[in-house]
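One file, work23.csv, is given below (CSV, C-alpha atoms).
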chain,number,residue,atom,x,y,z
T,24,MET,CA,-4.6,-236.3,-0.4
T,25,SER,CA,-0.9,-236.1,0.4
T,26,ALA,CA,0.9,-238.5,2.7
T,27,ALA,CA,1.7,-237.1,6.2
T,28,LYS,CA,5.2,-236.0,6.9
T,29,PRO,CA,7.0,-238.1,9.5
T,30,PHE,CA,6.3,-236.9,13.0
T,31,LYS,CA,9.2,-235.4,14.8
T,32,PRO,CA,8.6,-236.0,18.5
T,33,ASN,CA,8.9,-233.1,20.9
T,34,PRO,CA,10.9,-234.6,23.9
T,35,LYS,CA,9.1,-232.4,26.4
T,36,LEU,CA,5.6,-233.4,25.2
T,37,ASP,CA,5.8,-236.8,23.5
T,38,LEU,CA,6.4,-240.2,24.9
T,39,VAL,CA,8.0,-242.7,22.5
T,40,LEU,CA,8.4,-246.4,22.5
T,41,GLU,CA,10.6,-247.7,19.7
T,42,ARG,CA,11.6,-251.3,19.2
T,43,VAL,CA,12.5,-253.8,16.5
T,44,VAL,CA,10.3,-256.9,16.8
T,45,ASP,CA,10.6,-260.1,14.9
T,46,VAL,CA,7.1,-260.3,13.4
T,47,PRO,CA,6.2,-258.6,10.1
T,48,PRO,CA,4.3,-255.3,9.8
T,49,SER,CA,1.2,-257.1,8.4
T,50,LEU,CA,0.8,-259.0,11.7
T,51,VAL,CA,1.4,-256.0,13.8
T,52,TRP,CA,-1.3,-254.2,11.8
T,53,ALA,CA,-3.7,-257.1,12.2
T,54,CYS,CA,-3.1,-257.2,16.0
T,55,TRP,CA,-3.8,-253.4,16.2
T,56,THR,CA,-6.9,-253.3,14.0
T,57,MET,CA,-8.9,-256.5,14.7
T,58,PRO,CA,-11.0,-256.6,17.9
T,59,LYS,CA,-10.5,-260.3,18.4
T,60,HIS,CA,-6.7,-259.7,18.5
T,61,LEU,CA,-6.8,-256.5,20.5
T,62,LYS,CA,-8.6,-258.2,23.3
T,63,LYS,CA,-5.7,-260.6,23.6
T,64,TRP,CA,-2.8,-258.2,23.9
T,65,PHE,CA,-3.8,-254.6,24.3
T,66,THR,CA,-3.7,-254.3,28.1
T,67,PRO,CA,-0.7,-255.5,30.1
T,68,ALA,CA,-1.7,-258.5,32.3
T,69,PRO,CA,-3.2,-258.9,34.9
T,70,TRP,CA,-5.4,-256.2,33.4
T,71,LYS,CA,-7.7,-257.3,30.6
T,72,THR,CA,-9.2,-255.8,27.5
T,73,VAL,CA,-12.8,-257.0,27.8
T,74,ASP,CA,-14.2,-255.2,24.8
T,75,ALA,CA,-12.8,-253.7,21.6
T,76,GLN,CA,-14.6,-252.0,18.7
T,77,VAL,CA,-12.9,-250.7,15.6
T,78,ASP,CA,-14.4,-248.7,12.8
T,79,LEU,CA,-11.3,-248.5,10.7
T,80,ARG,CA,-11.4,-245.3,8.8
T,81,PRO,CA,-10.5,-241.7,9.4
T,82,GLY,CA,-13.3,-240.3,11.7
T,83,GLY,CA,-14.2,-243.9,12.7
T,84,ARG,CA,-14.8,-245.0,16.3
T,85,PHE,CA,-12.1,-246.8,18.4
T,86,HIS,CA,-13.6,-248.1,21.6
T,87,PHE,CA,-12.1,-250.4,24.2
T,88,VAL,CA,-12.8,-251.4,27.8
T,89,MET,CA,-9.9,-252.2,30.1
T,90,GLN,CA,-10.6,-254.2,33.2
T,91,SER,CA,-8.6,-254.0,36.4
T,92,PRO,CA,-7.6,-257.2,38.3
T,93,GLU,CA,-10.4,-256.2,40.7
T,94,GLY,CA,-12.9,-256.3,37.9
T,95,GLU,CA,-13.5,-252.6,37.5
T,96,ASN,CA,-14.1,-251.5,33.9
T,97,PHE,CA,-12.5,-248.5,32.3
T,98,PRO,CA,-14.1,-247.7,29.0
T,99,ASN,CA,-12.3,-245.5,26.4
T,100,THR,CA,-13.6,-244.0,23.2
T,101,GLY,CA,-11.6,-242.2,20.6
T,102,CYS,CA,-11.4,-241.5,16.9
T,103,PHE,CA,-9.2,-242.8,14.2
T,104,LEU,CA,-7.3,-240.0,12.3
T,105,GLU,CA,-5.0,-241.9,9.9
T,106,VAL,CA,-5.4,-245.4,8.6
T,107,VAL,CA,-2.5,-246.5,6.4
T,108,LYS,CA,-2.5,-250.2,6.2
T,109,ASN,CA,0.6,-252.0,7.5
T,110,GLU,CA,2.3,-248.6,8.0
T,111,ARG,CA,0.6,-246.2,10.4
T,112,LEU,CA,-2.4,-246.0,12.6
T,113,THR,CA,-3.2,-242.7,14.3
T,114,TRP,CA,-6.0,-242.1,16.8
T,115,THR,CA,-6.9,-239.7,19.5
T,116,ASN,CA,-9.1,-239.4,22.5
T,117,ALA,CA,-9.2,-235.6,22.2
T,118,LEU,CA,-11.8,-236.3,19.5
T,119,GLN,CA,-14.8,-238.6,19.6
T,120,PRO,CA,-16.1,-240.5,16.5
T,121,GLY,CA,-16.9,-238.2,13.6
T,122,TYR,CA,-14.2,-235.8,14.8
T,123,ARG,CA,-16.4,-234.4,17.6
T,124,PRO,CA,-14.3,-232.6,20.2
T,125,ALA,CA,-14.3,-234.7,23.4
T,126,VAL,CA,-15.6,-233.5,26.8
T,127,LEU,CA,-12.3,-233.4,28.8
T,128,GLY,CA,-11.6,-233.2,32.4
T,129,SER,CA,-12.7,-236.4,34.0
T,130,GLY,CA,-11.3,-239.8,34.5
T,131,GLU,CA,-9.1,-241.2,31.7
T,132,MET,CA,-9.6,-237.9,29.8
T,133,ASP,CA,-7.4,-236.0,32.2
T,134,PHE,CA,-4.6,-236.3,29.7
T,135,PRO,CA,-5.9,-236.4,26.2
T,136,PHE,CA,-3.4,-237.7,23.8
T,137,THR,CA,-2.9,-238.7,20.2
T,138,ALA,CA,-1.3,-242.1,19.5
T,139,VAL,CA,0.7,-242.6,16.3
T,140,VAL,CA,1.7,-246.2,15.8
T,141,SER,CA,4.1,-246.7,13.0
T,142,MET,CA,5.5,-250.0,11.6
T,143,LYS,CA,8.3,-250.3,9.0
T,144,LYS,CA,9.7,-253.4,7.5
T,145,HIS,CA,13.0,-254.3,9.1
T,146,GLY,CA,14.6,-257.4,7.8
T,147,LYS,CA,12.0,-260.1,8.5
T,148,GLY,CA,10.6,-258.1,11.3
T,149,THR,CA,9.3,-254.6,12.1
T,150,LYS,CA,10.6,-251.4,13.4
T,151,TYR,CA,7.8,-250.5,15.7
T,152,THR,CA,7.3,-246.9,17.0
T,153,ALA,CA,4.5,-245.9,19.3
T,154,MET,CA,4.2,-242.2,20.1
T,155,ALA,CA,1.9,-240.5,22.5
T,156,ILE,CA,1.4,-236.8,21.8
T,157,HIS,CA,0.2,-234.6,24.6
T,158,ARG,CA,-1.0,-231.0,24.9
T,159,ASP,CA,1.4,-229.9,27.7
T,160,GLU,CA,4.1,-231.1,30.0
T,161,LYS,CA,1.7,-231.8,32.8
T,162,ALA,CA,-0.3,-234.3,30.7
T,163,THR,CA,3.0,-235.9,29.5
T,164,ALA,CA,4.1,-236.3,33.1
T,165,VAL,CA,0.8,-237.8,34.2
T,166,HIS,CA,1.0,-240.3,31.3
T,167,ALA,CA,4.7,-241.1,32.1
T,168,LYS,CA,3.9,-241.6,35.7
T,169,MET,CA,1.0,-243.9,34.9
T,170,GLY,CA,3.6,-246.1,33.3
T,171,PHE,CA,3.6,-245.4,29.6
T,172,HIS,CA,6.9,-247.1,28.8
T,173,ASP,CA,6.4,-250.1,31.0
T,174,GLY,CA,2.7,-250.6,30.0
T,175,TRP,CA,3.1,-250.1,26.3
T,176,GLY,CA,6.2,-252.2,26.3
T,177,LYS,CA,4.5,-255.1,28.1
T,178,ALA,CA,1.6,-254.8,25.8
T,179,LEU,CA,3.9,-255.0,22.8
T,180,ASP,CA,5.5,-258.2,24.2
T,181,GLN,CA,2.0,-259.6,24.3
T,182,LEU,CA,1.3,-258.5,20.8
T,183,VAL,CA,4.5,-260.2,19.5
T,184,ALA,CA,3.7,-263.4,21.4
T,185,LEU,CA,0.3,-263.4,19.8
T,186,ALA,CA,1.5,-262.6,16.3
T,187,LYS,CA,4.0,-265.5,16.5
T,188,LYS,CA,1.1,-267.9,16.9
T,189,MET,CA,-0.7,-266.6,13.8
K,15,MET,CA,-7.9,-245.7,3.3
K,16,SER,CA,-11.6,-245.7,3.0
K,17,ALA,CA,-13.8,-242.7,2.3
K,18,ALA,CA,-15.5,-241.2,5.2
K,19,LYS,CA,-19.2,-241.8,5.6
K,20,PRO,CA,-21.4,-238.8,5.2
K,21,PHE,CA,-21.7,-236.9,8.5
K,22,LYS,CA,-25.2,-236.9,10.0
K,23,PRO,CA,-25.5,-233.7,12.0
K,24,ASN,CA,-26.8,-234.0,15.5
K,25,PRO,CA,-29.3,-231.1,15.8
K,26,LYS,CA,-28.5,-230.5,19.5
K,27,LEU,CA,-24.7,-230.3,19.0
K,28,ASP,CA,-24.1,-229.3,15.4
K,29,LEU,CA,-24.6,-226.0,13.6
K,30,VAL,CA,-25.2,-226.3,9.9
K,31,LEU,CA,-25.2,-223.7,7.1
K,32,GLU,CA,-26.4,-225.2,3.8
K,33,ARG,CA,-26.8,-223.2,0.6
K,34,VAL,CA,-26.6,-223.5,-3.2
K,35,VAL,CA,-24.2,-221.0,-4.6
K,36,ASP,CA,-23.7,-220.2,-8.3
K,37,VAL,CA,-19.9,-220.8,-8.4
K,38,PRO,CA,-18.4,-224.2,-9.1
K,39,PRO,CA,-16.8,-226.5,-6.4
K,40,SER,CA,-13.3,-225.9,-7.7
K,41,LEU,CA,-13.6,-222.2,-7.0
K,42,VAL,CA,-15.1,-222.7,-3.6
K,43,TRP,CA,-12.2,-225.1,-2.9
K,44,ALA,CA,-9.6,-222.5,-4.1
K,45,CYS,CA,-11.2,-219.9,-1.8
K,46,TRP,CA,-11.0,-222.2,1.2
K,47,THR,CA,-7.5,-223.4,0.7
K,48,MET,CA,-5.3,-220.6,-0.7
K,49,PRO,CA,-4.2,-218.0,1.9
K,50,LYS,CA,-4.4,-215.1,-0.6
K,51,HIS,CA,-8.1,-215.9,-1.2
K,52,LEU,CA,-8.9,-216.6,2.5
K,53,LYS,CA,-7.7,-213.2,3.5
K,54,LYS,CA,-10.3,-211.6,1.2
K,55,TRP,CA,-13.4,-213.5,2.3
K,56,PHE,CA,-13.0,-215.5,5.5
K,57,THR,CA,-14.1,-212.9,8.1
K,58,PRO,CA,-17.3,-211.0,7.7
K,59,ALA,CA,-16.7,-207.2,7.2
K,60,PRO,CA,-15.9,-205.0,9.0
K,61,TRP,CA,-13.6,-207.7,10.6
K,62,LYS,CA,-10.6,-208.6,8.5
K,63,THR,CA,-8.5,-211.7,8.1
K,64,VAL,CA,-5.0,-210.3,8.3
K,65,ASP,CA,-3.0,-213.5,8.1
K,66,ALA,CA,-3.8,-217.0,6.8
K,67,GLN,CA,-1.4,-220.0,6.6
K,68,VAL,CA,-2.4,-223.4,5.1
K,69,ASP,CA,-0.5,-226.6,5.2
K,70,LEU,CA,-3.0,-228.6,3.2
K,71,ARG,CA,-2.7,-232.2,4.4
K,72,PRO,CA,-4.2,-234.3,7.2
K,73,GLY,CA,-2.3,-233.2,10.3
K,74,GLY,CA,-1.2,-230.0,8.7
K,75,ARG,CA,-1.5,-226.5,10.2
K,76,PHE,CA,-4.4,-224.1,9.6
K,77,HIS,CA,-3.7,-220.7,11.1
K,78,PHE,CA,-5.5,-217.5,10.7
K,79,VAL,CA,-5.7,-214.1,12.4
K,80,MET,CA,-8.9,-212.2,12.6
K,81,GLN,CA,-8.8,-208.5,13.2
K,82,SER,CA,-11.6,-206.5,14.9
K,83,PRO,CA,-12.7,-203.2,13.5
K,84,GLU,CA,-10.8,-201.7,16.5
K,85,GLY,CA,-7.6,-203.4,15.3
K,86,GLU,CA,-7.4,-206.1,17.9
K,87,ASN,CA,-5.9,-209.4,16.5
K,88,PHE,CA,-7.5,-212.8,17.3
K,89,PRO,CA,-5.2,-215.6,16.2
K,90,ASN,CA,-6.5,-219.2,15.7
K,91,THR,CA,-4.5,-222.3,15.1
K,92,GLY,CA,-6.0,-225.7,14.2
K,93,CYS,CA,-5.3,-228.9,12.3
K,94,PHE,CA,-6.6,-230.2,9.1
K,95,LEU,CA,-8.2,-233.7,9.3
K,96,GLU,CA,-9.5,-234.4,5.8
K,97,VAL,CA,-8.4,-232.9,2.6
K,98,VAL,CA,-10.5,-234.1,-0.4
K,99,LYS,CA,-10.0,-231.7,-3.2
K,100,ASN,CA,-13.1,-230.0,-4.5
K,101,GLU,CA,-15.2,-232.1,-2.1
K,102,ARG,CA,-14.6,-231.8,1.6
K,103,LEU,CA,-12.3,-230.0,3.9
K,104,THR,CA,-12.3,-230.9,7.6
K,105,TRP,CA,-10.4,-229.1,10.3
K,106,THR,CA,-10.5,-228.7,14.1
K,107,ASN,CA,-9.2,-226.4,16.7
K,108,ALA,CA,-9.4,-229.2,19.3
K,109,LEU,CA,-6.2,-230.4,17.9
K,110,GLN,CA,-3.1,-228.5,17.0
K,111,PRO,CA,-0.8,-229.3,14.0
K,112,GLY,CA,0.5,-232.8,14.0
K,113,TYR,CA,-2.7,-233.9,15.8
K,114,ARG,CA,-1.5,-232.6,19.2
K,115,PRO,CA,-4.5,-232.1,21.6
K,116,ALA,CA,-5.1,-228.4,22.1
K,117,VAL,CA,-4.9,-226.6,25.5
K,118,LEU,CA,-8.5,-225.6,25.9
K,119,GLY,CA,-10.2,-223.2,28.2
K,120,SER,CA,-9.2,-219.7,27.2
K,121,GLY,CA,-10.3,-217.2,24.6
K,122,GLU,CA,-11.4,-218.6,21.3
K,123,MET,CA,-10.8,-222.1,22.6
K,124,ASP,CA,-13.8,-222.0,25.0
K,125,PHE,CA,-15.8,-223.9,22.4
K,126,PRO,CA,-13.6,-226.2,20.5
K,127,PHE,CA,-15.2,-227.3,17.3
K,128,THR,CA,-14.6,-229.3,14.2
K,129,ALA,CA,-15.6,-227.8,10.8
K,130,VAL,CA,-16.7,-229.9,7.9
K,131,VAL,CA,-17.0,-228.0,4.7
K,132,SER,CA,-18.5,-230.0,1.9
K,133,MET,CA,-19.1,-228.9,-1.7
K,134,LYS,CA,-21.0,-230.9,-4.3
K,135,LYS,CA,-21.6,-230.0,-7.9
K,136,HIS,CA,-25.2,-228.6,-8.3
K,137,GLY,CA,-25.9,-227.7,-11.9
K,138,LYS,CA,-23.3,-225.0,-12.7
K,139,GLY,CA,-23.0,-224.2,-9.1
K,140,THR,CA,-22.3,-225.8,-5.8
K,141,LYS,CA,-24.3,-227.3,-2.9
K,142,TYR,CA,-22.3,-225.9,-0.1
K,143,THR,CA,-22.6,-227.3,3.5
K,144,ALA,CA,-20.6,-226.0,6.4
K,145,MET,CA,-21.0,-227.8,9.7
K,146,ALA,CA,-19.6,-227.0,13.1
K,147,ILE,CA,-19.4,-230.0,15.4
K,148,HIS,CA,-19.3,-229.3,19.1
K,149,ARG,CA,-18.6,-231.3,22.2
K,150,ASP,CA,-21.7,-230.4,24.2
K,151,GLU,CA,-24.8,-228.2,24.1
K,152,LYS,CA,-23.2,-225.4,26.0
K,153,ALA,CA,-20.4,-225.1,23.3
K,154,THR,CA,-23.0,-225.2,20.6
K,155,ALA,CA,-25.0,-222.4,22.3
K,156,VAL,CA,-22.0,-220.2,22.7
K,157,HIS,CA,-21.1,-220.6,19.0
K,158,ALA,CA,-24.7,-220.0,18.0
K,159,LYS,CA,-24.9,-216.9,20.1
K,160,MET,CA,-21.7,-215.6,18.7
K,161,GLY,CA,-23.5,-215.6,15.4
K,162,PHE,CA,-22.5,-218.7,13.6
K,163,HIS,CA,-25.3,-218.6,11.0
K,164,ASP,CA,-25.0,-214.9,10.3
K,165,GLY,CA,-21.2,-214.8,10.3
K,166,TRP,CA,-20.6,-217.9,8.2
K,167,GLY,CA,-23.4,-216.8,5.9
K,168,LYS,CA,-21.9,-213.4,5.3
K,169,ALA,CA,-18.5,-214.9,4.8
K,170,LEU,CA,-20.0,-217.2,2.2
K,171,ASP,CA,-21.5,-214.2,0.4
K,172,GLN,CA,-17.9,-212.7,0.4
K,173,LEU,CA,-16.5,-216.0,-0.9
K,174,VAL,CA,-19.0,-216.1,-3.8
K,175,ALA,CA,-18.4,-212.5,-4.7
K,176,LEU,CA,-14.7,-213.2,-4.8
K,177,ALA,CA,-15.1,-216.4,-6.8
K,178,LYS,CA,-17.1,-214.6,-9.4
K,179,LYS,CA,-14.2,-212.3,-10.1
K,180,MET,CA,-11.8,-215.3,-10.7
Render the structure in this file as structure tokens.
Amino acid sequence: MSAAKPFKPNPKLDLVLERVVDVPPSLVWACWTMPKHLKKWFTPAPWKTVDAQVDLRPGGRFHFVMQSPEGENFPNTGCFLEVVKNERLTWTNALQPGYRPAVLGSGEMDFPFTAVVSMKKHGKGTKYTAMAIHRDEKATAVHAKMGFHDGWGKALDQLVALAKKM
Amino acid sequence: MSAAKPFKPNPKLDLVLERVVDVPPSLVWACWTMPKHLKKWFTPAPWKTVDAQVDLRPGGRFHFVMQSPEGENFPNTGCFLEVVKNERLTWTNALQPGYRPAVLGSGEMDFPFTAVVSMKKHGKGTKYTAMAIHRDEKATAVHAKMGFHDGWGKALDQLVALAKKM
């Protein structure tokens, strides 16, 4: 119905990666929404993304499997919330596809979060903002300690390198 | 971006109230989305809805306070997910406003659910469907035992009575 208001991060609860990158929003969008691209950049090396499935609509399924260097698989399933082409992609693992509340409390679900990935034209490039929104300070701390900034930053480097080859 | 696919309820996890009512979708929508109306029908008597706040957009806040006959207040805060005028309203208490994952595990949050309220023109009336989507069978059972069908049905009676006076 109406456009969402810009999200104002809460510094105690939200982790934010903001950077200007020299590829256009349309390529950032393509990298985030097409499984064949996601598999190439989404997980910082030496980890791999060995599967990615995207049902690109509000309520649709977002599924990916990360693989550790030792070969262990870590599947994740979430739900898209906002799909605004070339502008904003929002998804959460607090809900499963079809907006079903997730069963929390085990493995990767210890810190449910919502990700808001925004891209805005900036010269010939993109002002890229990735925000992870948490329920409480503990969840935020766990995510920060797991290396949010380093991990999402390295993954963005991989995204940019991939986009430049497109 | 794209319209949501129709939800197919899972009989083990979803509670559904479906009824044809003789007021048009536009009035059902008004009753569901305007605080002054919500306060008059949302809670089956002798309970009352003593406050209602609606920020009607995806990510927006849905807040209401139910009051028991003994005068005890039960506040609830959730987040709208889909706002399709006169057709479908989706909200969840598994997320807080701005899509922030909710802190679960106490009071009314013991069984987080997503509500999908659909209205479809049916003659001069409305085919009304309210679905509560749960994370697991336990949450579904708790909600059923709390009187989902009776409660949501009585509230709908109140909505219809109110709409007929509009």
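Nearest to Ala125 of chain T of all the residues K:Met133, K:Arg149, K:Met160, K:Asn100 is K:Arg149, counting all atoms listed in the file.
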- Message: Just want the 8 Å neighbourhood of segment 57-61 of chain T, counted on only C-alpha atoms, with same-chain residues fewer than 4 positions away dropped. Output as a list in words.
- Response: Ala53, Phe65, Thr72, Asp74, Ala75, Gln76 and Val77 of chain T
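Minimum atom-to-atom distances from K:Phe94, K:Phe21, K:Phe78, K:Trp61 to chain T were compared using only C-alpha atoms, and the lowest value belongs to K:Phe21.
Going from atom CA of Lys134 of chain K to atom CA of Lys99 of chain K covers 11.1 Å.
Near chain T, counting only C-alpha atoms at 7 Å, the chain K residues are Met15, Ser16, Ala18, Arg71, Pro72, Gly73, Val97, Val98, Ala108, Tyr113, Arg114, Pro115, Ala116, Val117, Pro126, Phe127, Thr128, Ile147, His148 and Arg149 of chain K.
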- May I ask which of the residues T:Pro48, T:Pro67, T:Pro120, T:Pro34 is the closest one to Asp173 of chain T, counting only C-alpha atoms? T:Pro67
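If all atoms listed in the file are the atoms counted, then among K:Ser40, K:Gln81, K:Thr154, K:Asn24 the closest residue to Thr140 of chain K is K:Ser40.
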- Could you state the separation of atom CA of Gly85 of chain K and atom CA of Ala169 of chain K in Å, given to one decimal place? 19.0 Å
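Atom CA of Gly92 of chain K lies 21.7 Å from atom CA of Tyr142 of chain K.
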- Task: Would you list the residues near (6.5, -254.9, 22.0) (no more than 10 Å away, in the coordinates of the file, using only C-alpha atoms) as an MDAnalysis selection string?
- Result: chainID T and resid 40:45 51 151:153 174:184
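Between Leu103 of chain K and the residues K:Ala155, K:Ala59, K:Met145, K:Val131, the shortest atom-to-atom distance, using all atoms listed in the file, involves K:Val131.
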- Nearest to Asn87 of chain K, restricted to all atoms listed in the file and choosing among K:Arg102, K:Lys62, K:Lys138, K:His163, comes out as K:Lys62
